[in-house]
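Visitor: My structure is below; once you've seen it, I'll send some questions.
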Amino acid sequence: MRYLTILFIFFGHKLNAQEIILLDALTELPIEGVSVSSKTKDLGVISNNMGITNLSVFSSKETLIIQHIAYQKIEQIKSSIQQKTIFLVLKTHSLENVEITESKESLKSTLKHLKITPTIMLKSQSAQTSDLLEKTMGVSIQNSQNGGGSPNLRGMEANRLLIVVDGIPLNNTIFRSGHLQSTATINPIFLKDAEVLFGPASVAYGNGAMGGAILFSTKRPENKNSTQFTQQYESSSDAVFTSIISNYKTNNSANISGFSLKSYGNLKMGSNRKHGFKNWGKEAIITENNIQKGTAYQQADFFHKTLFKLSNTNFLLFNSQFSTSSNINRFDKLNDIKDGEQKYKNWYYGPQKRFFQSARLKNYFQNFASDESVFTVAYQNIKESRHKQKNGDELLNNRTETLHILDFKSDFLKQFNRFKLNYGFDSRFQKLNSTANLSDKNTHFYNTTRYPDGGANVINNAIYSQINLDCTKNLLLLVGSRYSINSLSATFQDTTVIHLPFNEIRVHNKSLSNSLQLVYKYNPSLRINGAVSNGFRNPNTDDIGKVFSKNDLSVIVPNNNLSPEKSLNIETGIHLKIKNIITVQLQIFQTQITDAIERREATLNELDSMNYDGEMMKIMMNTNIGRATIKGLNFAYQLKINKQFSHNTIINALHGETVDGLPLAHIPPTSITSTLNYEYNNQAISLSTHYNALKKAIDYDLGGVDNLEEATQIGNPSWYTLSLKYSNSLDKNLTFIAGIQNIMDIHYKTFGSGISASGRNFTLSLRANF
């Protein structure tokens, strides 16, 4: 068979002196799409459908890398290639090297993205996932609770920002437009890595990726027996974090289990008030000696994965995750004052519970449709609740939401001569149950629900495809499309308290997203990129069916006439690397949102006010306001001064406004993060500064999302912090980290936050491997 194949190729195509044939070692058939590239230069060629490629672009002394997604890699000096035929051996997948990820993972090499690696995670000393993201290009964090954090990516936050955990969206039908602390349920100790995707992410990952996405991947099982123990202490909130992660193996499976406990005390704010506002964030009713009372809480997290080897080409991964917390007080409500007294006796979130279970099958079998395929089924159960009681009220106001989410996904990868094709299908079903009551110690009474009391059902179906094409040796092209169909139905059983002109909502939307991205490699040191893409976000139950008051001055009522938000993203940038000494990245972007959903004053039954929760309030609705524009830049550089010293800086700047010139919500002020690093042997020291510019009061949104009431009369003052960190890997199994955050004990609030940030904070962390 081998000689027949080679003879056929010779007679069908006469080889010249610089051409070779690439064949499968088992079937002896030609392999199309094999990449042959230089190990030291930015040169490469691809084999054609007869398995032939030309090596004339390479010098005789160059080391060539011959690789294909399905075959084992070969490295060989060109001059040592004596035979015209090279046989490639199929990869043998084992529990040690298999990664059960989506097939579209290969797209990340082309998509503009930033990756937070395990090394960065180890050095970050982060107890919260949001802390990992805070010093990333394009990302800022809003805080409404101790230990929480709502990530903001280029002005996209909450339900406009897609959060994905192990390939499944964390976003759901009750993701609101305000600030979300949902990433608090993702424990950074359990993460393998985190990635920030810009631009065309909506095509690959779906509804909600208006301008990008944040992807979290938990640690994979390792085919060995090992245990990792981590403990950390933080002085500003007297917090203790303890976690343990174990790998263990059986004959045909690899397993990993992790458990973590976090205990936060009350958070102490900074005492150095350089901004000049003596009492800002220092309400006597809830603060004492700069300690913010009522900010303590506890959290427990668990995860487990089992990886089975079904055959040499089939692997099955089971993934379980659970997170729960104690009650979490709303500090920004407990500090409200009415008639000189504390307005609320109680205002807290009930335990935030998230259960996640998935099964993922990965197939490496090659056929006409794919080289790799991944099939996933996942279930999530989410429960959250809100409880409030004003001073003088006898009853506690309780509202509870329970959400069931079922996902089905299939992703495929096929590699051809010069391009890779990714395509797939996904379906999601969500069922929401919203309940409410007024209670004392013994009795429950009627109360209006936050969402439709008859429940809500949401169905999403989508198909997508993307092509990663090597146009030339210097030009890469990524094009893709995603077609999505969304339907939402909700029922209001009781409309006597809130006199809605309808008792049900039926919404059916179709969306088509497209993307195009070019990467031009001018030389090995300089890359230029440009992208045009459009994203979308279907209005969810929170947009359409919520009844809610944030401040007892206005109440948001349902609007069944909302259209999907759509975004057009345009960006360009450069990546320059000079002799492994200086690396510079600059991205300039603009996002235009069409049919943007924002809160606006409205009428219901020709009335502009209504009685809700015992107060007369102004009526507001979520409304499609027309167009809005966000533009800005992200800049980063890294300088390697010598083997020990390095310096890096990140600058993020944004501006956003609606078509009528009004401020757009979620636009953080300019921020600068700069770090000087020193490394010697197994020790490292870093000195960093974090600066945020003034956010003027006139630049806050009209709907109240930005929490102007939690700022000063001029807005959110500028601030900066200095931090110092030392780490020492005492041996390969033991790492010690100590740090001082906010050395100057500066008082500040991050933009949009209802709680003052931590003051001077001493941290200690110990990580041991057994």
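Note on naming: chains are A, B, ... as they come in the structure tokens, residues start from 1 per chain, ligands start from 1 in the order shown.
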Please, which residues of range 93-338 of chain A, numbered as in this document, come out strand (DSSP E or B) from DSSP, as a PyMOL selection string?
Guide: chain A and resi 113-116+139-142+150-153+156-157+162-165+168-169+191-198+212-218+226-234+239-249+253-264+267-269+272+287-288+291-292+297-309+314-325+328-329+337-338
Visitor: Rounded to one decimal, what separation in Å do you get between CA of Gln741 in chain A and CA of His690 in chain A?
Guide: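 Rounded to one decimal, the two atoms are 10.5 Å apart.
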Visitor: Which residues come within 8 Å of Val705 in chain A, counting only C-alpha atoms, excluding same-chain residues fewer than 4 positions away, as number ranges by chain?
Guide: A: 177-179, 665-666, 701, 752
Visitor: Could you list, as a PyMOL selection string, every residue within 12 Å of Gln299 in chain A, counting only C-alpha atoms and ignoring same-chain residues fewer than 5 positions away?
Guide: chain A and resi 127-128+146-148+184-187+239-243+259-265+322-328+351-354
Visitor: With N, CA and C atoms retained, write the just-selected residues as a compact mmCIF listing (two decimals), in the first residue's frame.
Guide:
# COMPACT_ATOMS: atom_id res chain seq x y z
N ALA A 127 -7.81 36.28 46.64
CA ALA A 127 -8.83 35.44 47.26
C ALA A 127 -10.14 35.53 46.50
N GLN A 128 -10.25 36.53 45.60
CA GLN A 128 -11.45 36.70 44.80
C GLN A 128 -11.08 36.73 43.32
N ASN A 146 -18.09 43.32 50.60
CA ASN A 146 -16.77 42.85 50.99
C ASN A 146 -16.51 41.50 50.32
N GLY A 147 -15.38 41.39 49.61
CA GLY A 147 -15.05 40.13 48.96
C GLY A 147 -15.71 39.91 47.63
N GLY A 148 -16.52 40.87 47.15
CA GLY A 148 -17.18 40.72 45.86
C GLY A 148 -16.50 41.54 44.80
N ALA A 184 -18.08 36.09 42.33
CA ALA A 184 -17.68 35.67 43.67
C ALA A 184 -17.91 34.18 43.87
N THR A 185 -18.78 33.57 43.06
CA THR A 185 -19.04 32.13 43.17
C THR A 185 -17.99 31.31 42.41
N ILE A 186 -17.03 31.98 41.75
CA ILE A 186 -15.94 31.30 41.05
C ILE A 186 -14.68 31.45 41.90
N ASN A 187 -14.23 30.38 42.50
CA ASN A 187 -13.09 30.44 43.42
C ASN A 187 -11.78 30.45 42.63
N ALA A 239 -9.75 38.41 57.66
CA ALA A 239 -10.26 37.33 56.82
C ALA A 239 -9.29 36.15 56.79
N VAL A 240 -9.85 34.95 56.76
CA VAL A 240 -9.07 33.72 56.67
C VAL A 240 -9.65 32.87 55.53
N PHE A 241 -8.76 32.42 54.63
CA PHE A 241 -9.18 31.57 53.52
C PHE A 241 -8.39 30.27 53.60
N THR A 242 -9.09 29.16 53.51
CA THR A 242 -8.45 27.86 53.57
C THR A 242 -8.98 27.00 52.43
N SER A 243 -8.07 26.34 51.70
CA SER A 243 -8.52 25.47 50.61
C SER A 243 -7.60 24.25 50.51
N PHE A 259 -11.94 21.87 47.92
CA PHE A 259 -12.86 22.43 48.89
C PHE A 259 -12.22 23.69 49.47
N SER A 260 -13.04 24.73 49.65
CA SER A 260 -12.51 26.00 50.13
C SER A 260 -13.50 26.66 51.08
N LEU A 261 -12.97 27.27 52.14
CA LEU A 261 -13.76 28.06 53.08
C LEU A 261 -13.17 29.47 53.15
N LYS A 262 -14.05 30.46 53.10
CA LYS A 262 -13.64 31.86 53.26
C LYS A 262 -14.44 32.47 54.39
N SER A 263 -13.76 33.16 55.26
CA SER A 263 -14.43 33.84 56.37
C SER A 263 -13.95 35.28 56.42
N TYR A 264 -14.86 36.21 56.14
CA TYR A 264 -14.55 37.64 56.16
C TYR A 264 -15.13 38.27 57.42
N GLY A 265 -14.32 39.10 58.09
CA GLY A 265 -14.83 39.96 59.15
C GLY A 265 -15.28 41.29 58.55
N PHE A 322 -20.10 23.58 43.32
CA PHE A 322 -21.12 24.10 44.22
C PHE A 322 -20.53 25.24 45.03
N SER A 323 -21.31 26.30 45.17
CA SER A 323 -20.89 27.45 45.97
C SER A 323 -22.08 27.95 46.79
N THR A 324 -21.82 28.29 48.04
CA THR A 324 -22.86 28.86 48.89
C THR A 324 -22.23 29.85 49.85
N SER A 325 -23.04 30.72 50.40
CA SER A 325 -22.54 31.75 51.31
C SER A 325 -23.50 31.93 52.47
N SER A 326 -23.08 32.69 53.45
CA SER A 326 -23.98 33.13 54.50
C SER A 326 -24.81 34.30 53.97
N ASN A 327 -25.66 34.88 54.79
CA ASN A 327 -26.33 36.12 54.40
C ASN A 327 -25.28 37.21 54.16
N ILE A 328 -25.53 38.08 53.17
CA ILE A 328 -24.59 39.15 52.83
C ILE A 328 -25.33 40.47 52.90
N PRO A 351 -28.35 33.48 51.28
CA PRO A 351 -27.21 32.72 50.75
C PRO A 351 -27.23 32.65 49.22
N GLN A 352 -26.09 32.99 48.60
CA GLN A 352 -25.96 32.90 47.14
C GLN A 352 -25.51 31.48 46.81
N LYS A 353 -26.42 30.72 46.19
CA LYS A 353 -26.14 29.31 45.92
C LYS A 353 -26.07 29.06 44.41
N ARG A 354 -25.01 28.34 44.00
CA ARG A 354 -24.87 27.94 42.59
C ARG A 354 -24.41 26.49 42.54
Visitor: When you count only C-alpha atoms, which of these residues is closest to Phe368 in chain A: A:Glu394, A:Trp719, A:Leu413, A:Leu22?
Guide: A:Leu413
Visitor: What's the separation between CA of Ile505 in chain A and CA of Asn540 in chain A, in Å to one decimal place?
Guide: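 The value is 11.3 Å.
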Visitor: Residues within 7 Å of Thr670 in chain A, please, as a PDB file with C-alpha atoms, in the first residue's frame. Count only C-alpha atoms; anything in the same chain fewer than 3 positions from it doesn't count.
Guide:
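result-v2.pdb was written with the following content:
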ATOM      1  CA  ASN A 652      -7.329  52.094  30.211  1.00  0.00           C
ATOM      2  CA  ALA A 653      -9.327  55.114  28.997  1.00  0.00           C
ATOM      3  CA  LEU A 654     -13.031  55.182  28.031  1.00  0.00           C
ATOM      4  CA  ASN A 692      -8.060  56.036  39.071  1.00  0.00           C
ATOM      5  CA  ALA A 693      -8.972  59.470  37.747  1.00  0.00           C
TER       6      ALA A 693
END
Visitor: Set the distance at 10 Å and use only C-alpha atoms: which residues neighbour range 600-602 of chain A once local chain neighbours fewer than 2 positions away are removed? I'd like the list as a PyMOL selection string.
Guide: chain A and resi 554-557+597-598+604+606-609+618-625+702-703
Visitor: Tell me, in Å to one decimal, how far CA of Asn551 in chain A is from CA of Asp613 in chain A.
Guide: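 For CA of Asn551 in chain A relative to CA of Asp613 in chain A, the distance reads 11.3 Å.
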Visitor: Could I get the residues of range 453-490 of chain A with an atom no further than 6 Å from an atom of range 506-521 of chain A, each paired with its nearest atom pair and that distance in Å to one decimal, using only C-alpha atoms, sorted by chain and residue number, as CSV?
Guide:
residue,atom,partner,partner_atom,distance
A:Asn474,CA,A:Lys521,CA,4.8
A:Leu475,CA,A:Tyr520,CA,4.7
A:Leu476,CA,A:Val519,CA,5.1
A:Leu477,CA,A:Leu518,CA,4.8
A:Leu478,CA,A:Gln517,CA,5.0
A:Val479,CA,A:Leu516,CA,4.5
A:Gly480,CA,A:Ser515,CA,5.2
A:Ser481,CA,A:Asn514,CA,4.4
A:Arg482,CA,A:Ser513,CA,5.1
A:Tyr483,CA,A:Leu512,CA,4.6
A:Ser484,CA,A:Ser511,CA,5.2
A:Ile485,CA,A:Lys510,CA,4.6
A:Asn486,CA,A:Asn509,CA,5.1
A:Ser487,CA,A:His508,CA,4.4
A:Leu488,CA,A:Val507,CA,5.1
A:Ser489,CA,A:Arg506,CA,4.7
Visitor: Give the answer as one residue: which of A:Asn769, A:Ser235, A:Ser686, A:Ser271 has the shortest atom-to-atom distance to His747 in chain A, using only C-alpha atoms?
Guide: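 Counting only C-alpha atoms, the residue closest to His747 in chain A is A:Ser271.
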Visitor: Can you list, as a ChimeraX atom specification, all residues belonging to range 128-260 of chain A that DSSP tags as alpha helix (DSSP H)?
Guide: /A:129-134,201-205
Visitor: Counting only C-alpha atoms, which residue out of A:Asp393, A:Asp595, A:Glu657, A:Asp166 sits closest to Gly614 in chain A?
Guide: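 Comparing A:Asp393, A:Asp595, A:Glu657, A:Asp166 against Gly614 in chain A, the winner is A:Asp393.
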Visitor: For Val547 in chain A, find every residue with an atom within 9 Å (counting only C-alpha atoms), except residues of its own chain fewer than 5 positions away, and show them as a compact mmCIF listing (two decimals) with C-alpha atoms, in the first residue's frame.
Guide:
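Ended up saving to selection09.txt:
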# COMPACT_ATOMS: atom_id res chain seq x y z
CA THR A 448 -45.39 41.17 45.32
CA THR A 449 -42.65 39.25 43.52
CA ARG A 450 -39.58 40.72 41.84
CA TYR A 451 -40.24 38.82 38.59
CA PRO A 452 -43.48 37.43 37.05
CA ILE A 498 -49.33 46.60 40.15
CA ASP A 542 -34.76 41.18 34.32
CA VAL A 555 -39.85 51.89 40.79
CA ILE A 556 -39.03 49.95 37.61
CA VAL A 557 -42.04 48.25 36.03
CA PRO A 558 -42.24 45.69 33.18
Visitor: So, counting only C-alpha atoms, which residue among A:Phe412, A:Pro221, A:Ile244, A:Phe356 is closest to Phe308 in chain A?
Guide: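 Nearest candidate to Phe308 in chain A out of A:Phe412, A:Pro221, A:Ile244, A:Phe356: A:Pro221.
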Visitor: Could you check the closest approach to Lys333 in chain A for each of A:Met210, A:Ala296, A:Ile66, A:Ile285 and tell me which residue wins, using only C-alpha atoms?
Guide: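 For Lys333 in chain A, the nearest of the candidates is A:Ile285.
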